[in-house]
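Chemist: Structure file data_37.cif (mmCIF, C-alpha atoms) is given on the next line.
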```cif
data_my_file
#
loop_
_atom_site.label_atom_id
_atom_site.label_comp_id
_atom_site.auth_asym_id
_atom_site.auth_seq_id
_atom_site.Cartn_x
_atom_site.Cartn_y
_atom_site.Cartn_z
CA MET A 77 114.12 108.37 158.98
CA ARG A 78 116.41 105.40 158.52
CA ILE A 79 114.69 104.38 155.29
CA PHE A 80 114.93 107.91 153.99
CA PHE A 81 118.65 108.03 154.71
CA GLN A 82 119.31 104.74 152.91
CA THR A 83 117.37 105.89 149.84
CA GLN A 84 119.33 109.09 149.65
CA HIS A 85 122.61 107.20 150.02
CA VAL A 86 121.78 104.78 147.19
CA ALA A 87 120.75 107.65 144.94
CA GLN A 88 124.13 109.28 145.44
CA ILE A 89 126.16 106.25 144.38
CA MET A 90 124.00 105.07 141.46
CA PRO A 91 125.60 105.84 138.08
CA LEU A 92 123.82 108.20 135.77
CA VAL A 93 122.05 106.49 132.86
CA ASP A 94 122.10 108.43 129.62
CA ALA A 95 119.13 108.41 127.31
CA PRO A 96 119.60 106.07 124.33
CA THR A 97 121.53 107.74 121.54
CA ILE A 98 120.06 107.64 118.06
CA GLN A 99 122.67 106.60 115.51
CA LEU A 100 121.64 108.32 112.30
CA ASP A 101 122.82 106.76 109.05
CA GLN A 102 124.37 109.77 107.31
CA SER A 103 125.21 107.84 104.15
CA LEU A 104 121.62 106.64 103.77
CA MET A 105 120.27 110.12 104.48
CA GLN A 106 122.49 111.58 101.76
CA GLY A 107 121.34 108.89 99.32
CA ILE A 108 117.68 109.66 100.02
CA ALA A 109 118.22 113.42 99.63
CA ALA A 110 120.08 112.87 96.34
CA PHE A 111 117.40 110.62 94.85
CA PHE A 112 114.19 112.20 96.18
CA SER A 113 112.79 115.70 96.45
CA MET A 114 109.75 117.37 98.00
CA SER A 115 107.29 119.53 96.09
CA ASP A 116 104.03 120.81 97.61
CA GLY A 117 104.33 118.18 100.34
CA LEU A 118 104.68 115.32 97.83
CA ILE A 119 107.70 113.07 97.23
CA PHE A 120 109.21 112.76 93.74
CA ASP A 121 112.23 110.96 92.34
CA GLN A 122 114.84 112.23 89.90
CA ASN A 123 112.52 111.54 86.95
CA GLY A 124 109.61 113.49 88.43
CA ASP A 125 107.65 110.37 89.37
CA HIS A 126 105.58 110.39 92.56
CA TRP A 127 106.41 108.14 95.54
CA CYS A 128 104.83 107.54 98.95
CA ILE A 129 106.28 106.62 102.32
CA TRP A 130 104.99 103.69 104.40
CA HIS A 131 105.57 102.05 107.75
CA ALA A 132 106.57 98.52 106.79
CA GLY A 133 104.28 96.99 109.41
CA GLN A 134 101.34 99.12 108.31
CA LEU A 135 101.94 98.09 104.71
CA GLN A 136 101.49 94.45 105.74
CA HIS A 137 98.31 95.35 107.60
CA TRP A 138 96.93 97.40 104.71
CA TRP A 139 97.56 94.59 102.23
CA ARG A 140 95.65 92.13 104.41
CA LEU A 141 92.71 94.56 104.65
CA TYR A 142 92.76 95.12 100.91
CA GLY A 143 92.62 91.37 100.29
CA GLU A 144 89.60 91.14 102.58
CA LYS A 145 87.84 93.95 100.69
CA VAL A 146 88.25 92.38 97.25
CA ASP A 147 87.79 88.84 98.61
CA SER A 148 90.16 87.50 95.98
CA PRO A 149 93.85 86.43 95.89
CA MET A 150 95.79 89.48 94.73
CA GLY A 151 99.38 88.43 95.44
CA ARG A 152 100.07 87.54 91.81
CA LYS A 153 98.64 90.85 90.59
CA LEU A 154 100.84 92.77 93.05
CA ALA A 155 103.90 90.78 91.97
CA ASN A 156 103.20 91.51 88.30
CA ALA A 157 102.65 95.19 89.08
CA ALA A 158 105.99 95.25 90.92
CA VAL A 159 107.78 93.60 87.98
CA GLU A 160 106.33 96.07 85.49
CA GLN A 161 106.95 99.13 87.65
CA GLU A 162 110.52 98.27 88.62
CA SER A 163 111.34 97.29 85.01
CA TRP A 164 110.14 100.69 83.86
CA GLN A 165 112.10 102.49 86.58
CA LEU A 166 115.28 100.51 85.91
CA ASN A 167 115.03 101.62 82.31
CA HIS A 168 115.78 105.15 83.56
CA THR A 169 118.95 104.18 85.45
CA ASN A 170 122.54 103.38 84.50
CA PHE A 171 122.35 99.73 85.59
CA SER A 172 122.71 98.38 82.05
CA SER A 173 125.93 100.36 81.58
CA ILE A 174 127.74 98.49 84.37
CA LYS A 175 130.47 96.53 82.60
CA GLY A 176 134.11 95.52 82.91
CA LEU A 177 135.97 93.54 85.55
CA PHE A 178 134.01 92.41 88.60
CA ARG A 179 130.78 93.26 86.84
CA SER A 180 128.70 90.95 89.04
CA LYS A 181 130.04 92.53 92.23
CA LYS A 182 129.40 96.01 90.87
CA GLN A 183 125.83 95.08 89.93
CA GLN A 184 125.23 93.57 93.35
CA ARG A 185 126.56 96.67 95.10
CA TRP A 186 124.50 98.95 92.84
CA LEU A 187 121.33 97.02 93.64
CA GLU A 188 122.04 96.94 97.38
CA ASP A 189 122.49 100.72 97.39
CA ARG A 190 119.22 101.16 95.49
CA TRP A 191 117.23 98.95 97.84
CA ASP A 192 118.84 100.58 100.90
CA THR A 193 117.70 103.98 99.64
CA PHE A 194 114.12 102.73 99.30
CA GLY A 195 114.05 100.64 102.50
CA TRP A 196 113.27 97.45 100.58
CA GLY A 197 115.63 95.02 102.32
CA LYS A 198 118.73 93.24 101.03
CA PRO A 199 118.62 91.50 97.62
CA ASN A 200 121.07 88.91 96.33
CA ILE A 201 121.35 88.62 92.55
CA LYS A 202 123.54 85.52 92.63
CA ASP A 203 121.17 83.17 94.44
CA LEU A 204 117.96 85.15 93.75
CA SER A 205 117.14 85.60 97.42
CA LEU A 206 116.30 88.56 99.59
CA GLN A 207 116.46 89.29 103.29
CA ASN A 208 114.38 91.66 105.40
CA LYS A 209 111.68 91.67 102.74
CA LEU A 210 108.53 93.75 102.61
CA LEU A 211 105.50 91.89 101.22
CA SER A 212 106.73 88.68 99.58
CA SER A 213 104.94 89.32 96.29
CA LEU A 214 106.14 92.93 96.17
CA SER A 215 109.77 92.15 96.99
CA ALA A 216 109.89 89.11 94.71
CA GLY A 217 108.47 91.09 91.80
CA SER A 218 111.00 93.89 92.24
CA LEU A 219 113.93 91.44 92.26
CA HIS A 220 112.45 89.54 89.32
CA ALA A 221 112.57 92.74 87.25
CA ILE A 222 116.33 93.13 87.63
CA PHE A 223 116.94 89.50 86.66
CA GLU A 224 114.89 89.85 83.47
CA LEU A 225 116.77 93.02 82.57
CA MET A 226 120.14 91.32 83.08
CA ASN A 227 119.16 88.34 80.91
CA GLN A 228 116.98 90.22 78.40
CA THR A 229 114.37 87.49 78.51
CA ARG A 230 111.06 86.81 80.24
CA PHE A 231 110.74 84.37 83.12
CA ARG A 232 107.77 82.91 84.91
CA LEU A 233 107.80 84.28 88.43
CA ARG A 234 107.53 82.02 91.45
CA TRP A 235 108.80 82.57 94.96
CA GLU A 236 109.09 80.68 98.21
CA ASP A 237 109.07 82.24 101.67
CA ARG A 238 112.01 81.34 103.88
CA GLY A 239 110.64 82.33 107.26
CA SER A 240 108.95 85.65 107.97
CA HIS A 241 111.78 87.86 106.74
CA ALA A 242 113.22 86.16 103.66
CA CYS A 243 112.19 84.60 100.37
CA LYS A 244 113.78 83.06 97.30
CA LEU A 245 112.84 83.33 93.64
CA MET A 246 112.37 80.28 91.44
CA LEU A 247 112.40 81.35 87.81
CA ASP A 248 111.35 79.32 84.80
CA GLU A 249 112.45 80.56 81.38
CA THR A 250 109.71 81.18 78.82
CA ASN A 251 109.61 81.65 75.07
CA TYR A 252 108.40 85.22 75.42
CA PRO A 253 110.89 87.92 74.33
CA TYR A 254 111.91 90.70 76.68
CA GLN A 255 109.74 93.74 75.98
CA GLU A 256 110.46 97.41 76.46
CA PRO A 257 108.87 98.52 79.77
CA VAL A 258 105.90 100.87 79.58
CA ALA A 259 104.90 103.72 81.87
CA PRO A 260 102.20 103.12 84.49
CA PRO A 261 98.64 104.17 83.63
CA SER A 262 97.77 107.78 84.32
CA PHE A 263 94.63 108.72 86.21
CA ALA A 264 92.98 112.07 86.85
CA TRP A 265 94.60 112.32 90.28
CA SER A 266 98.15 111.46 89.15
CA SER A 267 100.60 113.96 90.66
CA LYS A 268 103.07 116.08 88.72
CA MET A 269 106.13 117.72 90.22
CA ASN A 270 106.28 121.51 90.18
CA ALA A 271 109.38 123.40 89.13
CA THR A 272 110.10 124.35 92.75
CA SER A 273 111.32 121.47 94.90
CA SER A 274 113.79 120.71 97.68
CA PRO A 275 115.74 117.57 98.69
CA LEU A 276 113.88 115.05 100.84
CA ASN A 277 115.66 115.31 104.19
CA LEU A 278 114.78 112.43 106.50
CA GLU A 279 116.55 111.54 109.73
CA VAL A 280 116.83 107.77 109.54
CA GLU A 281 118.84 105.07 111.23
CA LYS A 282 120.40 102.08 109.49
CA GLY A 283 117.74 99.95 107.82
CA PHE A 284 115.51 102.97 107.12
CA VAL A 285 114.33 103.08 110.75
CA VAL A 286 112.66 106.14 112.29
CA ASP A 287 111.70 106.17 115.99
CA GLY A 288 112.12 102.41 116.12
CA GLU A 289 109.81 101.81 113.14
CA ARG A 290 110.99 100.55 109.77
CA LEU A 291 109.86 102.71 106.85
CA CYS A 292 110.01 102.25 103.10
CA LEU A 293 109.37 104.29 99.97
CA LEU A 294 107.16 102.90 97.21
CA PRO A 295 106.37 104.37 93.77
CA SER A 296 102.78 105.47 93.26
CA GLY A 297 102.98 103.86 89.82
CA LEU A 298 102.95 100.49 91.59
CA PHE A 299 99.48 101.19 92.99
CA ASP A 300 98.31 102.68 89.68
CA ARG A 301 99.23 99.39 88.00
CA LEU A 302 97.53 97.41 90.75
CA LEU A 303 94.39 99.50 90.31
CA ASP A 304 94.53 99.06 86.54
CA SER A 305 94.73 95.28 86.97
CA SER A 306 91.67 95.30 89.24
CA ALA A 307 89.23 95.97 86.40
CA GLY A 308 86.50 93.38 86.60
CA ILE A 309 86.58 92.66 90.33
CA GLU A 310 83.30 93.12 92.14
CA ILE A 311 82.67 94.45 95.64
CA GLU A 312 79.69 96.07 97.34
CA ILE A 313 79.87 99.85 96.91
CA ASP A 314 77.84 102.21 99.09
CA GLU A 315 76.81 104.72 96.43
CA ASN A 316 75.67 107.17 99.12
CA LEU A 317 79.23 107.27 100.42
CA TRP A 318 81.19 106.89 97.20
CA HIS A 319 80.03 109.34 94.54
CA ILE A 320 81.59 107.55 91.58
CA ASP A 321 80.20 107.14 88.11
CA ILE A 322 80.47 103.36 88.28
CA GLU A 323 79.22 102.81 84.76
CA SER A 324 81.95 104.93 83.13
CA PHE A 325 84.90 103.99 85.36
CA GLU A 326 85.75 100.31 85.09
CA ASN A 327 88.19 100.52 88.02
CA SER A 328 85.55 101.73 90.49
CA ALA A 329 85.58 98.58 92.61
CA GLY A 330 89.36 98.49 92.79
CA LEU A 331 89.55 102.18 93.70
CA VAL A 332 86.98 101.81 96.48
CA ALA A 333 88.77 98.72 97.81
CA LEU A 334 92.09 100.61 97.93
CA ALA A 335 90.47 103.56 99.69
CA GLU A 336 88.48 101.52 102.20
CA ALA A 337 91.51 99.41 103.08
CA SER A 338 93.47 102.63 103.70
CA LYS A 339 90.65 103.99 105.85
CA ALA A 340 90.41 100.79 107.89
CA GLN A 341 94.18 100.68 108.33
CA PHE A 342 94.18 104.30 109.55
CA LEU A 343 91.39 103.65 112.06
CA ASP A 344 93.19 100.55 113.38
CA THR A 345 96.45 102.43 113.94
#
```
Could you express the structure from this file as structure tokens?
Modeler:
Amino acid sequence: MRIFFQTQHVAQIMPLVDAPTIQLDQSLMQGIAAFFSMSDGLIFDQNGDHWCIWHAGQLQHWWRLYGEKVDSPMGRKLANAAVEQESWQLNHTNFSSIKGLFRSKKQQRWLEDRWDTFGWGKPNIKDLSLQNKLLSSLSAGSLHAIFELMNQTRFRLRWEDRGSHACKLMLDETNYPYQEPVAPPSFAWSSKMNATSSPLNLEVEKGFVVDGERLCLLPSGLFDRLLDSSAGIEIEIDENLWHIDIESFENSAGLVALAEASKAQFLDT
């Protein structure tokens, strides 16, 4: 009886503990809704190009599984795909029209807003570094694209990791002229946006966090370019499982590797 009384007494004087409050980032949510829309359950940007949403941690896991499937270093191919895709996307923005006083600061702010909207981390044009990166090759390639656009010349891309969350670009100028970006390759499954769409409304916290997990948005064109660059790689394909006309589709191995890595990542989740 004495123990019961003491427990009751303590319960009466203990302060109430509120459940943790989620601090939604209204500015980020508005930016996402303004840039992206939903159509038939798919995500599209203002130009009608398809995007996909990832958990940042699962993206890292998927990339490791994909590398194991192809049994070949693919970081350079992903970096090149990121450069080409972001160059093409930047060509449809107003970045090149930023001029006047404090141009560098305006460009930096514009790029920070863009990367915030996509969940890509924090880039720095001045010292060619980035914080809170995704995959090093992916993030480095995306930042490389903006630098080439600003200078209207081609650079050899190299990067150096600075811990697990940051990296820095090291660019070497080349004699190659800056070329007009081209659209990603189109495959039979490429998605097209219907006339009916609605804004993409996501409830996110600062840093593109949902339920404690960091998310990001990536253009499908990035993976189309990666697949296109995989022509010639060889992996074992179970033809009883994958009904693909291997002889007529030169990207069969790359497609199967992408799919099997996604399957393995899903089963490991």
Chemist: The PyMOL selection byres ((chain A and resi 215-227) around 8) on the file shown: which residues, as a PyMOL selection string?
Modeler: chain A and resi 154-160+162-163+166+172+196+199+201+204+206+209-214+228-231+233+235+243-245+254
Chemist: Atom CA of Ser274 of chain A to atom CA of Asp287 of chain A: how many Å, to one decimal?
Modeler: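 Between atom CA of Ser274 of chain A and atom CA of Asp287 of chain A the gap works out to 23.5 Å.
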Chemist: Please write as a VMD selection string the full residue list that the PyMOL selection byres ((chain A and resi 265-271) around 8) yields on this file.
Modeler: chain A and resid 115 to 116 120 124 to 126 262 to 264 272 to 273
Chemist: Hey, which of A:Gln207, A:Gln255, A:Lys182, A:Gly151 ends up closest to Arg238 of chain A? Count all atoms listed in the file.
Modeler: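 Looking only at the distances to Arg238 of chain A, the closest residue turns out to be A:Gln207.
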Chemist: Please, what distance in Å, to one decimal, runs between atom CA of Asn123 of chain A and atom CA of Gln136 of chain A?
Modeler: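 That distance, rounded to one decimal, is 27.7 Å.
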Chemist: I need the residue nearest Lys198 of chain A from this list: A:Ala242, A:Arg232, A:Leu302, A:Pro295. Use only C-alpha atoms for the distance.
Modeler: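 Checking each candidate against Lys198 of chain A, we get A:Ala242 as the closest.
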Chemist: What does the PyMOL selection byres ((chain A and resi 291) around 6) select in this file, as a list in words?
Modeler: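 Applying the PyMOL selection byres ((chain A and resi 291) around 6) to the structure shown produces Trp130, His131, Ala132, Phe284, Val285, Arg290 and Cys292 of chain A.
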Chemist: Since the input is missing atoms, can you rebuild all heavy atoms for segment 100-111 of chain A and write them as a PDB file, keeping the file's coordinate frame?
Modeler:
```pdb
ATOM      1  N   LEU A 100     122.141 108.028 113.635  1.00  0.00           N
ATOM      2  CA  LEU A 100     121.640 108.320 112.300  1.00  0.00           C
ATOM      3  C   LEU A 100     122.600 107.784 111.241  1.00  0.00           C
ATOM      4  O   LEU A 100     123.814 107.828 111.406  1.00  0.00           O
ATOM      5  CB  LEU A 100     121.444 109.821 112.116  1.00  0.00           C
ATOM      6  CG  LEU A 100     120.415 110.495 113.035  1.00  0.00           C
ATOM      7  CD1 LEU A 100     120.347 111.987 112.746  1.00  0.00           C
ATOM      8  CD2 LEU A 100     119.039 109.862 112.867  1.00  0.00           C
ATOM      9  N   ASP A 101     122.037 107.285 110.160  1.00  0.00           N
ATOM     10  CA  ASP A 101     122.820 106.760 109.050  1.00  0.00           C
ATOM     11  C   ASP A 101     123.013 107.898 108.035  1.00  0.00           C
ATOM     12  O   ASP A 101     122.164 108.125 107.167  1.00  0.00           O
ATOM     13  CB  ASP A 101     122.100 105.575 108.408  1.00  0.00           C
ATOM     14  CG  ASP A 101     122.962 104.829 107.402  1.00  0.00           C
ATOM     15  OD1 ASP A 101     123.825 105.473 106.772  1.00  0.00           O
ATOM     16  OD2 ASP A 101     122.760 103.613 107.231  1.00  0.00           O
ATOM     17  N   GLN A 102     124.134 108.605 108.152  1.00  0.00           N
ATOM     18  CA  GLN A 102     124.370 109.770 107.310  1.00  0.00           C
ATOM     19  C   GLN A 102     124.469 109.404 105.836  1.00  0.00           C
ATOM     20  O   GLN A 102     123.992 110.138 104.961  1.00  0.00           O
ATOM     21  CB  GLN A 102     125.659 110.483 107.765  1.00  0.00           C
ATOM     22  CG  GLN A 102     125.604 111.042 109.174  1.00  0.00           C
ATOM     23  CD  GLN A 102     124.590 112.169 109.325  1.00  0.00           C
ATOM     24  OE1 GLN A 102     124.243 112.842 108.344  1.00  0.00           O
ATOM     25  NE2 GLN A 102     124.102 112.381 110.538  1.00  0.00           N
ATOM     26  N   SER A 103     125.074 108.263 105.545  1.00  0.00           N
ATOM     27  CA  SER A 103     125.210 107.840 104.150  1.00  0.00           C
ATOM     28  C   SER A 103     123.840 107.580 103.528  1.00  0.00           C
ATOM     29  O   SER A 103     123.567 107.991 102.392  1.00  0.00           O
ATOM     30  CB  SER A 103     126.068 106.571 104.071  1.00  0.00           C
ATOM     31  OG  SER A 103     126.154 106.099 102.741  1.00  0.00           O
ATOM     32  N   LEU A 104     122.967 106.905 104.267  1.00  0.00           N
ATOM     33  CA  LEU A 104     121.620 106.640 103.770  1.00  0.00           C
ATOM     34  C   LEU A 104     120.843 107.931 103.609  1.00  0.00           C
ATOM     35  O   LEU A 104     120.130 108.125 102.612  1.00  0.00           O
ATOM     36  CB  LEU A 104     120.893 105.699 104.738  1.00  0.00           C
ATOM     37  CG  LEU A 104     119.422 105.392 104.435  1.00  0.00           C
ATOM     38  CD1 LEU A 104     119.257 104.818 103.031  1.00  0.00           C
ATOM     39  CD2 LEU A 104     118.849 104.424 105.473  1.00  0.00           C
ATOM     40  N   MET A 105     120.971 108.837 104.556  1.00  0.00           N
ATOM     41  CA  MET A 105     120.270 110.120 104.480  1.00  0.00           C
ATOM     42  C   MET A 105     120.696 110.915 103.258  1.00  0.00           C
ATOM     43  O   MET A 105     119.872 111.537 102.583  1.00  0.00           O
ATOM     44  CB  MET A 105     120.513 110.914 105.767  1.00  0.00           C
ATOM     45  CG  MET A 105     119.838 110.304 106.996  1.00  0.00           C
ATOM     46  SD  MET A 105     120.453 110.958 108.574  1.00  0.00           S
ATOM     47  CE  MET A 105     120.152 112.706 108.387  1.00  0.00           C
ATOM     48  N   GLN A 106     121.994 110.874 102.951  1.00  0.00           N
ATOM     49  CA  GLN A 106     122.490 111.580 101.760  1.00  0.00           C
ATOM     50  C   GLN A 106     121.952 110.934 100.487  1.00  0.00           C
ATOM     51  O   GLN A 106     121.615 111.625  99.523  1.00  0.00           O
ATOM     52  CB  GLN A 106     124.018 111.569 101.766  1.00  0.00           C
ATOM     53  CG  GLN A 106     124.638 112.421 102.861  1.00  0.00           C
ATOM     54  CD  GLN A 106     126.142 112.244 102.973  1.00  0.00           C
ATOM     55  OE1 GLN A 106     126.770 111.575 102.144  1.00  0.00           O
ATOM     56  NE2 GLN A 106     126.732 112.826 104.006  1.00  0.00           N
ATOM     57  N   GLY A 107     121.875 109.593 100.489  1.00  0.00           N
ATOM     58  CA  GLY A 107     121.340 108.890  99.320  1.00  0.00           C
ATOM     59  C   GLY A 107     119.882 109.226  99.072  1.00  0.00           C
ATOM     60  O   GLY A 107     119.461 109.412  97.925  1.00  0.00           O
ATOM     61  N   ILE A 108     119.103 109.311 100.148  1.00  0.00           N
ATOM     62  CA  ILE A 108     117.680 109.660 100.020  1.00  0.00           C
ATOM     63  C   ILE A 108     117.531 111.081  99.489  1.00  0.00           C
ATOM     64  O   ILE A 108     116.732 111.344  98.583  1.00  0.00           O
ATOM     65  CB  ILE A 108     116.978 109.516 101.386  1.00  0.00           C
ATOM     66  CG1 ILE A 108     116.961 108.047 101.826  1.00  0.00           C
ATOM     67  CG2 ILE A 108     115.560 110.069 101.322  1.00  0.00           C
ATOM     68  CD1 ILE A 108     116.474 107.831 103.245  1.00  0.00           C
ATOM     69  N   ALA A 109     118.312 112.011 100.051  1.00  0.00           N
ATOM     70  CA  ALA A 109     118.220 113.420  99.630  1.00  0.00           C
ATOM     71  C   ALA A 109     118.662 113.599  98.183  1.00  0.00           C
ATOM     72  O   ALA A 109     118.162 114.487  97.480  1.00  0.00           O
ATOM     73  CB  ALA A 109     119.070 114.289 100.555  1.00  0.00           C
ATOM     74  N   ALA A 110     119.599 112.756  97.717  1.00  0.00           N
ATOM     75  CA  ALA A 110     120.080 112.870  96.340  1.00  0.00           C
ATOM     76  C   ALA A 110     119.081 112.296  95.342  1.00  0.00           C
ATOM     77  O   ALA A 110     118.993 112.759  94.201  1.00  0.00           O
ATOM     78  CB  ALA A 110     121.430 112.156  96.198  1.00  0.00           C
ATOM     79  N   PHE A 111     118.313 111.301  95.772  1.00  0.00           N
ATOM     80  CA  PHE A 111     117.400 110.620  94.850  1.00  0.00           C
ATOM     81  C   PHE A 111     115.998 111.215  94.865  1.00  0.00           C
ATOM     82  O   PHE A 111     115.315 111.238  93.839  1.00  0.00           O
ATOM     83  CB  PHE A 111     117.318 109.132  95.224  1.00  0.00           C
ATOM     84  CG  PHE A 111     116.690 108.266  94.168  1.00  0.00           C
ATOM     85  CD1 PHE A 111     117.473 107.652  93.199  1.00  0.00           C
ATOM     86  CD2 PHE A 111     115.318 108.064  94.132  1.00  0.00           C
ATOM     87  CE1 PHE A 111     116.900 106.855  92.216  1.00  0.00           C
ATOM     88  CE2 PHE A 111     114.729 107.269  93.150  1.00  0.00           C
ATOM     89  CZ  PHE A 111     115.521 106.667  92.189  1.00  0.00           C
TER      90      PHE A 111
END
```
